[in-house]
$ cat coords_9.txt   # compact mmCIF, C-alpha atoms (C1' of nucleotides)
# COMPACT_ATOMS: atom_id res chain seq x y z
CA MET G 6 -221.32 15.92 52.03
CA PRO G 7 -222.14 16.98 55.52
CA GLU G 8 -219.99 19.64 57.10
CA LEU G 9 -221.41 22.57 59.05
CA PRO G 10 -223.23 24.29 56.15
CA GLU G 11 -224.89 21.09 55.01
CA VAL G 12 -225.95 20.17 58.54
CA GLU G 13 -227.35 23.69 58.93
CA LEU G 14 -229.54 23.04 55.91
CA TYR G 15 -230.59 19.64 57.29
CA CYS G 16 -231.46 21.44 60.50
CA ARG G 17 -233.74 23.85 58.65
CA TYR G 18 -235.21 20.96 56.67
CA PHE G 19 -235.97 19.08 59.87
CA ALA G 20 -237.52 22.20 61.37
CA GLU G 21 -239.70 22.68 58.30
CA HIS G 22 -240.95 19.10 58.06
CA GLY G 23 -240.31 17.17 61.25
CA LEU G 24 -241.68 19.31 64.08
CA HIS G 25 -245.01 19.39 65.91
CA GLN G 26 -246.46 16.13 64.74
CA ARG G 27 -246.68 12.92 66.72
CA VAL G 28 -244.22 10.16 65.87
CA ALA G 29 -246.34 7.07 65.28
CA ALA G 30 -243.47 4.66 64.68
CA VAL G 31 -239.74 4.39 64.12
CA HIS G 32 -238.51 1.92 61.54
CA VAL G 33 -234.89 0.86 61.96
CA LEU G 34 -233.80 -0.61 58.64
CA ASP G 35 -230.17 -1.11 59.61
CA GLU G 36 -229.15 -1.31 63.25
CA ARG G 37 -225.50 -0.54 62.47
CA ILE G 38 -226.39 3.14 62.26
CA LEU G 39 -227.69 3.28 65.84
CA GLY G 40 -225.75 4.88 68.66
CA VAL G 41 -228.30 3.55 71.15
CA ARG G 42 -230.27 0.37 71.60
CA ASN G 43 -233.19 0.09 69.23
CA ALA G 44 -235.61 -0.09 72.15
CA ALA G 45 -234.13 3.04 73.72
CA LEU G 46 -234.55 5.01 70.49
CA LYS G 47 -238.19 3.98 70.20
CA LYS G 48 -238.86 4.75 73.83
CA ALA G 49 -237.36 8.21 73.38
CA VAL G 50 -239.40 9.26 70.36
CA VAL G 51 -242.45 7.07 69.65
CA GLY G 52 -245.63 8.75 70.82
CA ARG G 53 -243.84 12.07 71.19
CA GLU G 54 -243.32 15.03 68.93
CA PHE G 55 -240.19 16.96 68.11
CA THR G 56 -240.56 20.54 69.31
CA GLN G 57 -237.28 22.18 68.26
CA VAL G 58 -234.02 21.45 66.51
CA ARG G 59 -230.53 22.66 67.32
CA ARG G 60 -227.21 22.35 65.59
CA HIS G 61 -223.68 22.47 66.90
CA GLY G 62 -220.90 21.91 64.43
CA LYS G 63 -221.85 18.86 62.39
CA HIS G 64 -224.29 17.58 65.01
CA LEU G 65 -228.07 17.94 64.88
CA PHE G 66 -230.33 17.61 67.92
CA ALA G 67 -234.13 17.33 67.96
CA ASP G 68 -236.04 17.87 71.21
CA ALA G 69 -238.30 14.92 71.92
CA GLY G 70 -239.43 16.00 75.38
CA SER G 71 -237.57 14.07 78.04
CA SER G 72 -234.59 13.44 75.78
CA TRP G 73 -233.22 14.55 72.43
CA LEU G 74 -232.64 12.75 69.18
CA HIS G 75 -229.03 13.11 68.06
CA LEU G 76 -228.02 12.87 64.40
CA HIS G 77 -224.57 12.84 62.91
CA PHE G 78 -224.28 12.48 59.16
CA GLY G 79 -220.86 10.93 58.67
CA MET G 80 -219.70 11.13 55.08
CA SER G 81 -222.95 10.47 53.25
CA GLY G 82 -225.87 11.15 55.59
CA ASP G 83 -228.98 13.04 54.46
CA LEU G 84 -232.62 13.63 55.37
CA PHE G 85 -235.67 13.04 53.19
CA TYR G 86 -239.28 13.88 53.97
CA TYR G 87 -242.00 12.25 51.88
CA ASP G 88 -245.58 11.01 51.90
CA ASN G 89 -245.56 8.11 49.53
CA ASP G 90 -243.82 4.97 50.76
CA SER G 91 -242.41 4.34 47.31
CA ALA G 92 -240.39 7.54 47.72
CA GLN G 93 -238.26 6.00 50.47
CA PRO G 94 -234.63 6.76 49.63
CA ARG G 95 -232.34 3.92 48.66
CA PHE G 96 -230.13 4.02 51.74
CA ALA G 97 -232.73 4.86 54.36
CA ARG G 98 -231.44 3.48 57.68
CA VAL G 99 -234.01 4.90 60.09
CA VAL G 100 -237.48 6.15 59.14
CA PHE G 101 -239.61 8.27 61.47
CA GLU G 102 -243.28 7.77 60.64
CA PHE G 103 -245.70 10.47 61.72
CA ASP G 104 -249.40 10.23 62.56
CA ASN G 105 -250.49 11.58 59.20
CA GLY G 106 -248.49 8.93 57.37
CA SER G 107 -245.68 11.21 56.25
CA ARG G 108 -242.13 10.09 56.92
CA LEU G 109 -238.72 11.53 57.65
CA ALA G 110 -235.90 9.24 56.58
CA TYR G 111 -232.33 9.31 57.79
CA ASP G 112 -230.40 8.12 54.74
CA ASP G 113 -226.72 7.16 54.84
CA MET G 114 -225.07 5.03 52.19
CA ARG G 115 -221.75 4.55 53.93
CA LEU G 116 -223.02 4.07 57.47
CA PHE G 117 -220.47 6.36 59.08
CA GLY G 118 -223.20 8.48 60.64
CA VAL G 119 -225.04 7.97 63.91
CA VAL G 120 -228.66 8.07 65.01
CA GLY G 121 -228.70 8.31 68.77
CA VAL G 122 -230.36 9.71 71.85
CA THR G 123 -228.91 12.16 74.35
CA PRO G 124 -230.21 13.91 77.48
CA GLY G 125 -229.61 17.20 75.68
CA PRO G 126 -227.27 19.15 73.42
CA ASP G 127 -225.33 20.73 76.28
CA ALA G 128 -224.63 17.39 77.92
CA PHE G 129 -223.60 15.98 74.56
CA LEU G 130 -221.20 18.84 73.83
CA ALA G 131 -219.61 18.49 77.24
CA GLU G 132 -219.28 14.72 76.97
CA HIS G 133 -217.66 14.91 73.56
CA ARG G 134 -215.65 18.02 74.44
CA LEU G 135 -216.68 19.77 71.24
CA GLY G 136 -215.21 23.16 70.53
CA PRO G 137 -217.30 26.26 69.77
CA ASP G 138 -219.48 26.49 66.68
CA PRO G 139 -217.73 28.93 64.32
CA ILE G 140 -220.86 30.69 63.07
CA SER G 141 -222.40 31.16 66.50
CA SER G 142 -222.62 34.78 67.65
CA GLY G 143 -220.17 34.13 70.47
CA PHE G 144 -217.38 33.09 68.14
CA ARG G 145 -215.62 36.43 67.93
CA LEU G 146 -212.04 37.15 66.88
CA PRO G 147 -210.68 37.25 70.47
CA VAL G 148 -212.19 33.83 71.07
CA PHE G 149 -210.44 32.48 68.02
CA ARG G 150 -207.15 34.07 69.07
CA THR G 151 -207.45 32.33 72.44
CA ILE G 152 -208.08 29.03 70.71
CA VAL G 153 -205.03 29.41 68.50
CA HIS G 154 -202.76 30.61 71.28
CA GLY G 155 -200.43 27.96 72.65
CA ARG G 156 -201.17 25.43 69.92
CA ARG G 157 -198.67 23.86 67.55
CA GLY G 158 -198.79 21.87 64.38
CA ALA G 159 -200.31 22.44 60.96
CA VAL G 160 -203.07 25.03 60.70
CA LYS G 161 -205.23 22.63 58.72
CA SER G 162 -205.08 20.09 61.55
CA LEU G 163 -206.19 22.75 64.02
CA LEU G 164 -209.20 23.73 61.93
CA MET G 165 -210.16 20.10 61.33
CA THR G 166 -210.14 19.13 65.02
CA GLN G 167 -213.69 19.13 66.36
CA GLU G 168 -212.54 19.48 69.98
CA ILE G 169 -211.00 22.82 69.00
CA ILE G 170 -213.58 24.18 66.54
CA ALA G 171 -216.71 22.17 65.74
CA GLY G 172 -218.05 21.96 62.22
CA MET G 173 -215.31 22.38 59.67
CA GLY G 174 -214.26 19.44 57.52
CA ASN G 175 -211.89 18.75 54.69
CA LEU G 176 -213.66 20.79 52.02
CA TYR G 177 -214.32 23.99 53.96
CA VAL G 178 -210.98 24.02 55.72
CA ASP G 179 -209.25 23.96 52.35
CA GLU G 180 -211.60 26.69 51.14
CA THR G 181 -210.92 28.83 54.20
CA LEU G 182 -207.14 28.62 53.92
CA TYR G 183 -207.37 29.29 50.20
CA ARG G 184 -209.32 32.45 50.91
CA ALA G 185 -206.93 33.48 53.69
CA SER G 186 -203.90 32.79 51.45
CA ILE G 187 -202.36 30.48 54.04
CA HIS G 188 -200.63 27.21 53.21
CA PRO G 189 -202.44 24.30 54.91
CA ARG G 190 -199.24 23.02 56.50
CA ARG G 191 -198.21 26.35 58.03
CA ALA G 192 -197.31 26.06 61.71
CA VAL G 193 -200.01 27.52 63.92
CA ASP G 194 -197.51 29.07 66.33
CA ALA G 195 -195.82 30.95 63.47
CA LEU G 196 -198.94 32.76 62.25
CA SER G 197 -198.96 36.54 62.52
CA ASP G 198 -201.87 38.39 64.15
CA ALA G 199 -202.99 39.52 60.71
CA GLU G 200 -202.95 35.95 59.40
CA VAL G 201 -204.98 34.67 62.36
CA GLU G 202 -207.53 37.38 61.62
CA ALA G 203 -207.55 36.45 57.93
CA ILE G 204 -208.31 32.85 58.85
CA TYR G 205 -211.04 33.93 61.26
CA THR G 206 -212.63 36.11 58.60
CA GLY G 207 -212.24 33.29 56.08
CA ILE G 208 -213.98 30.76 58.32
CA ARG G 209 -217.00 32.98 58.91
CA GLY G 210 -217.22 34.11 55.31
CA VAL G 211 -216.88 30.71 53.72
CA LEU G 212 -219.38 29.00 56.02
CA LYS G 213 -222.01 31.74 55.89
CA GLU G 214 -221.74 32.16 52.15
CA ALA G 215 -221.94 28.41 51.63
CA ILE G 216 -225.15 28.28 53.66
CA ALA G 217 -226.56 31.26 51.76
CA PHE G 218 -226.12 29.99 48.26
CA LYS G 219 -226.83 26.38 49.08
CA SER G 220 -230.11 27.41 50.67
CA ARG G 221 -230.95 29.07 47.37
CA GLY G 222 -230.19 25.82 45.59
CA GLY G 223 -227.10 27.21 43.93
CA ASP G 224 -223.71 25.68 43.33
CA TYR G 225 -220.37 26.90 44.65
CA PRO G 226 -219.02 29.95 42.81
CA VAL G 227 -216.41 29.24 40.13
CA LYS G 228 -214.01 31.41 42.10
CA TRP G 229 -214.04 28.91 44.95
CA LEU G 230 -211.28 26.37 45.35
CA THR G 231 -213.81 23.57 45.70
CA GLN G 232 -214.57 23.97 42.01
CA HIS G 233 -210.92 23.28 41.24
CA ARG G 234 -210.07 20.25 43.35
CA GLU G 235 -207.81 18.72 40.77
CA GLU G 236 -204.05 18.57 40.61
CA GLY G 237 -202.70 20.98 38.02
CA ASP G 238 -205.84 23.07 37.69
CA ARG G 239 -205.50 26.85 37.42
CA CYS G 240 -206.14 29.02 40.45
CA PRO G 241 -209.09 31.27 39.56
CA ARG G 242 -207.70 34.00 41.78
CA CYS G 243 -204.08 34.31 40.73
CA GLY G 244 -203.50 31.89 37.89
CA GLY G 245 -201.19 29.73 40.02
CA THR G 246 -201.18 25.95 39.94
CA ILE G 247 -203.44 23.91 42.19
CA GLN G 248 -201.46 21.28 44.04
CA ARG G 249 -202.54 18.19 45.88
CA THR G 250 -201.00 16.86 49.06
CA VAL G 251 -202.02 15.09 52.27
CA VAL G 252 -202.45 16.90 55.59
CA PHE G 253 -204.08 15.45 58.72
CA GLY G 254 -204.56 12.28 56.71
CA ARG G 255 -206.83 13.98 54.20
CA THR G 256 -206.41 14.91 50.56
CA THR G 257 -205.63 18.60 50.51
CA TYR G 258 -205.73 21.08 47.63
CA PHE G 259 -204.15 24.51 47.66
CA CYS G 260 -202.76 27.12 45.30
CA ALA G 261 -198.99 26.81 45.17
CA LYS G 262 -198.63 30.46 44.24
CA HIS G 263 -200.74 32.55 46.59
CA GLN G 264 -201.05 30.27 49.65
CA VAL G 265 -197.87 30.85 51.57
C1' DT Q 11 -209.92 -4.33 39.63
C1' DT Q 12 -208.17 -0.30 41.87
C1' DC Q 13 -208.47 4.06 43.84
C1' DC Q 14 -210.97 7.60 45.97
C1' DA Q 15 -214.59 9.91 48.80
C1' DT Q 16 -217.31 16.80 52.39
C1' DG Q 17 -215.89 11.70 58.96
C1' DT Q 18 -214.56 9.71 63.38
C1' DT Q 19 -212.05 6.77 66.51
C1' DC Q 20 -208.40 4.10 68.31
C1' DC Q 21 -203.56 2.86 68.74
C1' DG Q 22 -198.64 3.52 68.95
C1' DC Q 23 -194.92 6.77 69.01
C1' DA Q 24 -192.46 11.23 69.70
C1' DT Y 25 -200.66 16.75 77.28
C1' DT Y 26 -200.31 17.57 72.47
C1' DG Y 27 -199.69 16.25 67.81
C1' DC Y 28 -199.33 13.02 64.10
C1' DG Y 29 -199.32 8.89 60.96
C1' DG Y 30 -201.76 4.74 59.98
C1' DA Y 31 -205.53 1.64 60.07
C1' DA Y 32 -210.25 0.52 60.47
C1' DC Y 33 -215.13 1.12 59.58
C1' DA Y 34 -218.82 0.47 54.87
C1' DT Y 35 -220.24 1.38 50.31
C1' DG Y 36 -220.61 2.99 45.60
C1' DG Y 37 -218.81 5.62 41.67
C1' DA Y 38 -215.22 6.73 38.29

$ encode --input "coords_9.txt" --output "structure tokens"
Amino acid sequence: MPELPEVELYCRYFAEHGLHQRVAAVHVLDERILGVRNAALKKAVVGREFTQVRRHGKHLFADAGSSWLHLHFGMSGDLFYYDNDSAQPRFARVVFEFDNGSRLAYDDMRLFGVVGVTPGPDAFLAEHRLGPDPISSGFRLPVFRTIVHGRRGAVKSLLMTQEIIAGMGNLYVDETLYRASIHPRRAVDALSDAEVEAIYTGIRGVLKEAIAFKSRGGDYPVKWLTQHREEGDRCPRCGGTIQRTVVFGRTTYFCAKHQV
DNA sequence: TTCCATGTTCCGCA
DNA sequence: TTGCGGAACATGGA
């Protein structure tokens, strides 16, 4: 599930449960999830406490003093905090055990995520050349226009590329273009100024609204495309037909009538 | 049994 | 340099 809104919620969850208590032990249940050596992970966090969390795009960072824990959630990553050992989630890959016996589990069924260590978020972003985070305060319309300028190819590909904008994935890109009434395969260099602005507004709106209602425990509104990801479904906005195709190697849904 | 899944990376080709 | 298609990774659910 984890795109930017989900990782934002994980970030808040980590901040609520995982900070300001000493890490007594780290249990690595499956080494395939590690982006660092097991010993290096333990050295970085055991005996320390996490003091703050940060998020950039789909990446979460927790300050462990001399270095930071880095979490990426792949396709199925999640966090679970619990007291009773019997509550350990089924696909727990790494478990952080605190002094008081409580635990924070990194759970990831499909193992596409990463649990790693980095000198810091800024170094990580530079090393991986990640683009700006689209809900950060600095991500204004002129910034987005600069990003779009000089690029080619399908607009969906642009929005999916983490080196260009960090945090959007298949679901929210489709939702954004649906809201902006832009066909996912439209050429970036053929977008009008008004269309670029519509996409910018769509990105911010979709992501912020998703965070807002997910944080309240709600589901996506029925008016959202994500509730209609099925070939032949009716568009809740215009009554058009929902079509399925493949863009950027990913299953893509759009309304054949109002997304031009 | 087969297909599909909210992600990323690497490779070859234009 | 940029963009894109395809394959690979690992696992469970429909």

$ interface_residues --input "coords_9.txt" --of "chain Y" --to "chain G" --cutoff "10 Å" --atoms "all atoms listed in the file" --output "count of residues only"
9

$ residues_around --input "coords_9.txt" --residues "region 11-22 of chain Q" --least-positions-apart "6" --cutoff "10 Å" --atoms "only C-alpha atoms (C1' of nucleotides)" --output "PyMOL selection string"
(chain G and resi 6-9+11+63+77-81+117-118+167+173-177+256) or (chain Y and resi 29-33+36-38)

$ closest_residue --input "coords_9.txt" --among "G:Arg242, G:Arg59, G:His154, G:His233" --to "Arg17 (chain G)" --atoms "only C-alpha atoms"
G:Arg59

$ residues_around --input "coords_9.txt" --residues "Arg209 (chain G)" --least-positions-apart "3" --cutoff "9 Å" --atoms "all atoms listed in the file" --output "PDB file with C-alpha atoms, in the coordinates of the input"
ATOM      1  CA  PRO G 139    -217.730  28.930  64.320  1.00  0.00           C
ATOM      2  CA  ILE G 140    -220.860  30.690  63.070  1.00  0.00           C
ATOM      3  CA  THR G 181    -210.920  28.830  54.200  1.00  0.00           C
ATOM      4  CA  ILE G 204    -208.310  32.850  58.850  1.00  0.00           C
ATOM      5  CA  TYR G 205    -211.040  33.930  61.260  1.00  0.00           C
ATOM      6  CA  THR G 206    -212.630  36.110  58.600  1.00  0.00           C
ATOM      7  CA  LEU G 212    -219.380  29.000  56.020  1.00  0.00           C
ATOM      8  CA  LYS G 213    -222.010  31.740  55.890  1.00  0.00           C
ATOM      9  CA  GLU G 214    -221.740  32.160  52.150  1.00  0.00           C
TER      10      GLU G 214
END

$ atom_distance --input "coords_9.txt" --atom1 "CA of Val148 (chain G)" --atom2 "CA of Lys228 (chain G)"
29.1 Å

$ atom_distance --input "coords_9.txt" --atom1 "CA of Gln57 (chain G)" --atom2 "CA of Leu164 (chain G)"
28.8 Å

$ decode --input "coords_9.txt" --residues "chain Y" --atoms "N, CA, C and O atoms (P, O5', C5', C4', C3', O3' and C1' of nucleotides)" --output "CSV table (one decimal), in the first residue's frame"
chain,number,residue,atom,x,y,z
Y,25,DT,P,25.5,12.1,-19.2
Y,25,DT,O5',24.1,12.5,-19.8
Y,25,DT,C5',23.8,13.8,-20.1
Y,25,DT,C4',22.4,13.9,-20.5
Y,25,DT,C3',21.4,13.3,-19.5
Y,25,DT,O3',20.3,14.1,-19.4
Y,25,DT,C1',21.2,12.3,-21.6
Y,26,DT,P,19.2,13.8,-18.3
Y,26,DT,O5',18.0,13.2,-19.3
Y,26,DT,C5',17.6,13.9,-20.4
Y,26,DT,C4',16.6,13.2,-21.1
Y,26,DT,C3',15.5,12.5,-20.2
Y,26,DT,O3',14.2,12.8,-20.7
Y,26,DT,C1',16.4,10.9,-21.7
Y,27,DG,P,13.0,12.4,-19.9
Y,27,DG,O5',12.5,11.1,-20.6
Y,27,DG,C5',12.2,11.2,-22.0
Y,27,DG,C4',11.8,9.8,-22.5
Y,27,DG,C3',10.9,9.0,-21.6
Y,27,DG,O3',9.8,8.6,-22.4
Y,27,DG,C1',12.8,7.7,-22.2
Y,28,DC,P,8.6,7.8,-21.7
Y,28,DC,O5',8.9,6.3,-22.2
Y,28,DC,C5',9.1,6.1,-23.6
Y,28,DC,C4',9.4,4.6,-23.7
Y,28,DC,C3',8.5,3.7,-22.8
Y,28,DC,O3',8.0,2.6,-23.6
Y,28,DC,C1',10.8,3.2,-22.6
Y,29,DG,P,6.7,1.9,-23.1
Y,29,DG,O5',7.0,0.4,-23.4
Y,29,DG,C5',7.7,0.0,-24.6
Y,29,DG,C4',8.4,-1.3,-24.5
Y,29,DG,C3',7.6,-2.3,-23.6
Y,29,DG,O3',7.7,-3.6,-24.3
Y,29,DG,C1',9.8,-1.9,-22.7
Y,30,DG,P,6.9,-4.8,-23.7
Y,30,DG,O5',8.1,-5.6,-22.9
Y,30,DG,C5',9.3,-5.8,-23.5
Y,30,DG,C4',10.2,-6.6,-22.6
Y,30,DG,C3',9.5,-7.6,-21.7
Y,30,DG,O3',10.1,-8.8,-21.7
Y,30,DG,C1',10.8,-6.1,-20.4
Y,31,DA,P,9.5,-10.0,-20.9
Y,31,DA,O5',10.6,-10.2,-19.7
Y,31,DA,C5',12.0,-10.1,-20.1
Y,31,DA,C4',12.8,-10.1,-18.8
Y,31,DA,C3',12.2,-11.1,-17.7
Y,31,DA,O3',13.3,-11.9,-17.2
Y,31,DA,C1',12.5,-9.0,-16.8
Y,32,DA,P,12.9,-13.2,-16.3
Y,32,DA,O5',13.5,-12.6,-14.9
Y,32,DA,C5',14.7,-12.0,-14.8
Y,32,DA,C4',14.9,-11.4,-13.4
Y,32,DA,C3',14.2,-12.2,-12.3
Y,32,DA,O3',15.2,-12.6,-11.3
Y,32,DA,C1',13.6,-9.9,-12.2
Y,33,DC,P,14.8,-13.8,-10.3
Y,33,DC,O5',14.5,-12.9,-9.0
Y,33,DC,C5',15.4,-12.0,-8.5
Y,33,DC,C4',14.7,-11.2,-7.4
Y,33,DC,C3',13.8,-12.0,-6.5
Y,33,DC,O3',14.3,-12.2,-5.3
Y,33,DC,C1',12.8,-9.9,-7.2
Y,34,DA,P,14.0,-13.6,-4.5
Y,34,DA,O5',12.6,-13.3,-3.9
Y,34,DA,C5',12.5,-12.4,-2.8
Y,34,DA,C4',11.1,-12.4,-2.2
Y,34,DA,C3',10.6,-13.8,-2.0
Y,34,DA,O3',10.1,-13.9,-0.7
Y,34,DA,C1',9.1,-12.6,-3.4
Y,35,DT,P,9.7,-15.3,-0.1
Y,35,DT,O5',8.1,-15.1,-0.2
Y,35,DT,C5',7.5,-14.0,0.5
Y,35,DT,C4',6.1,-13.9,0.1
Y,35,DT,C3',5.3,-15.2,0.1
Y,35,DT,O3',4.5,-15.2,1.3
Y,35,DT,C1',4.7,-13.8,-1.7
Y,36,DG,P,3.5,-16.5,1.6
Y,36,DG,O5',2.1,-15.8,1.2
Y,36,DG,C5',1.8,-14.6,1.7
Y,36,DG,C4',0.5,-14.0,1.1
Y,36,DG,C3',-0.7,-15.0,1.2
Y,36,DG,O3',-1.8,-14.1,1.4
Y,36,DG,C1',-0.2,-14.4,-1.1
Y,37,DG,P,-3.2,-14.7,1.9
Y,37,DG,O5',-4.2,-14.2,0.9
Y,37,DG,C5',-4.2,-12.8,0.6
Y,37,DG,C4',-5.0,-12.5,-0.6
Y,37,DG,C3',-6.3,-13.3,-0.7
Y,37,DG,O3',-7.4,-12.4,-1.2
Y,37,DG,C1',-5.0,-13.7,-2.6
Y,38,DA,P,-8.9,-12.9,-1.1
Y,38,DA,O5',-9.3,-12.9,-2.6
Y,38,DA,C5',-9.1,-11.7,-3.4
Y,38,DA,C4',-9.3,-12.1,-4.9
Y,38,DA,C3',-10.6,-12.9,-5.1
Y,38,DA,O3',-11.2,-12.4,-6.3
Y,38,DA,C1',-8.8,-14.1,-6.0
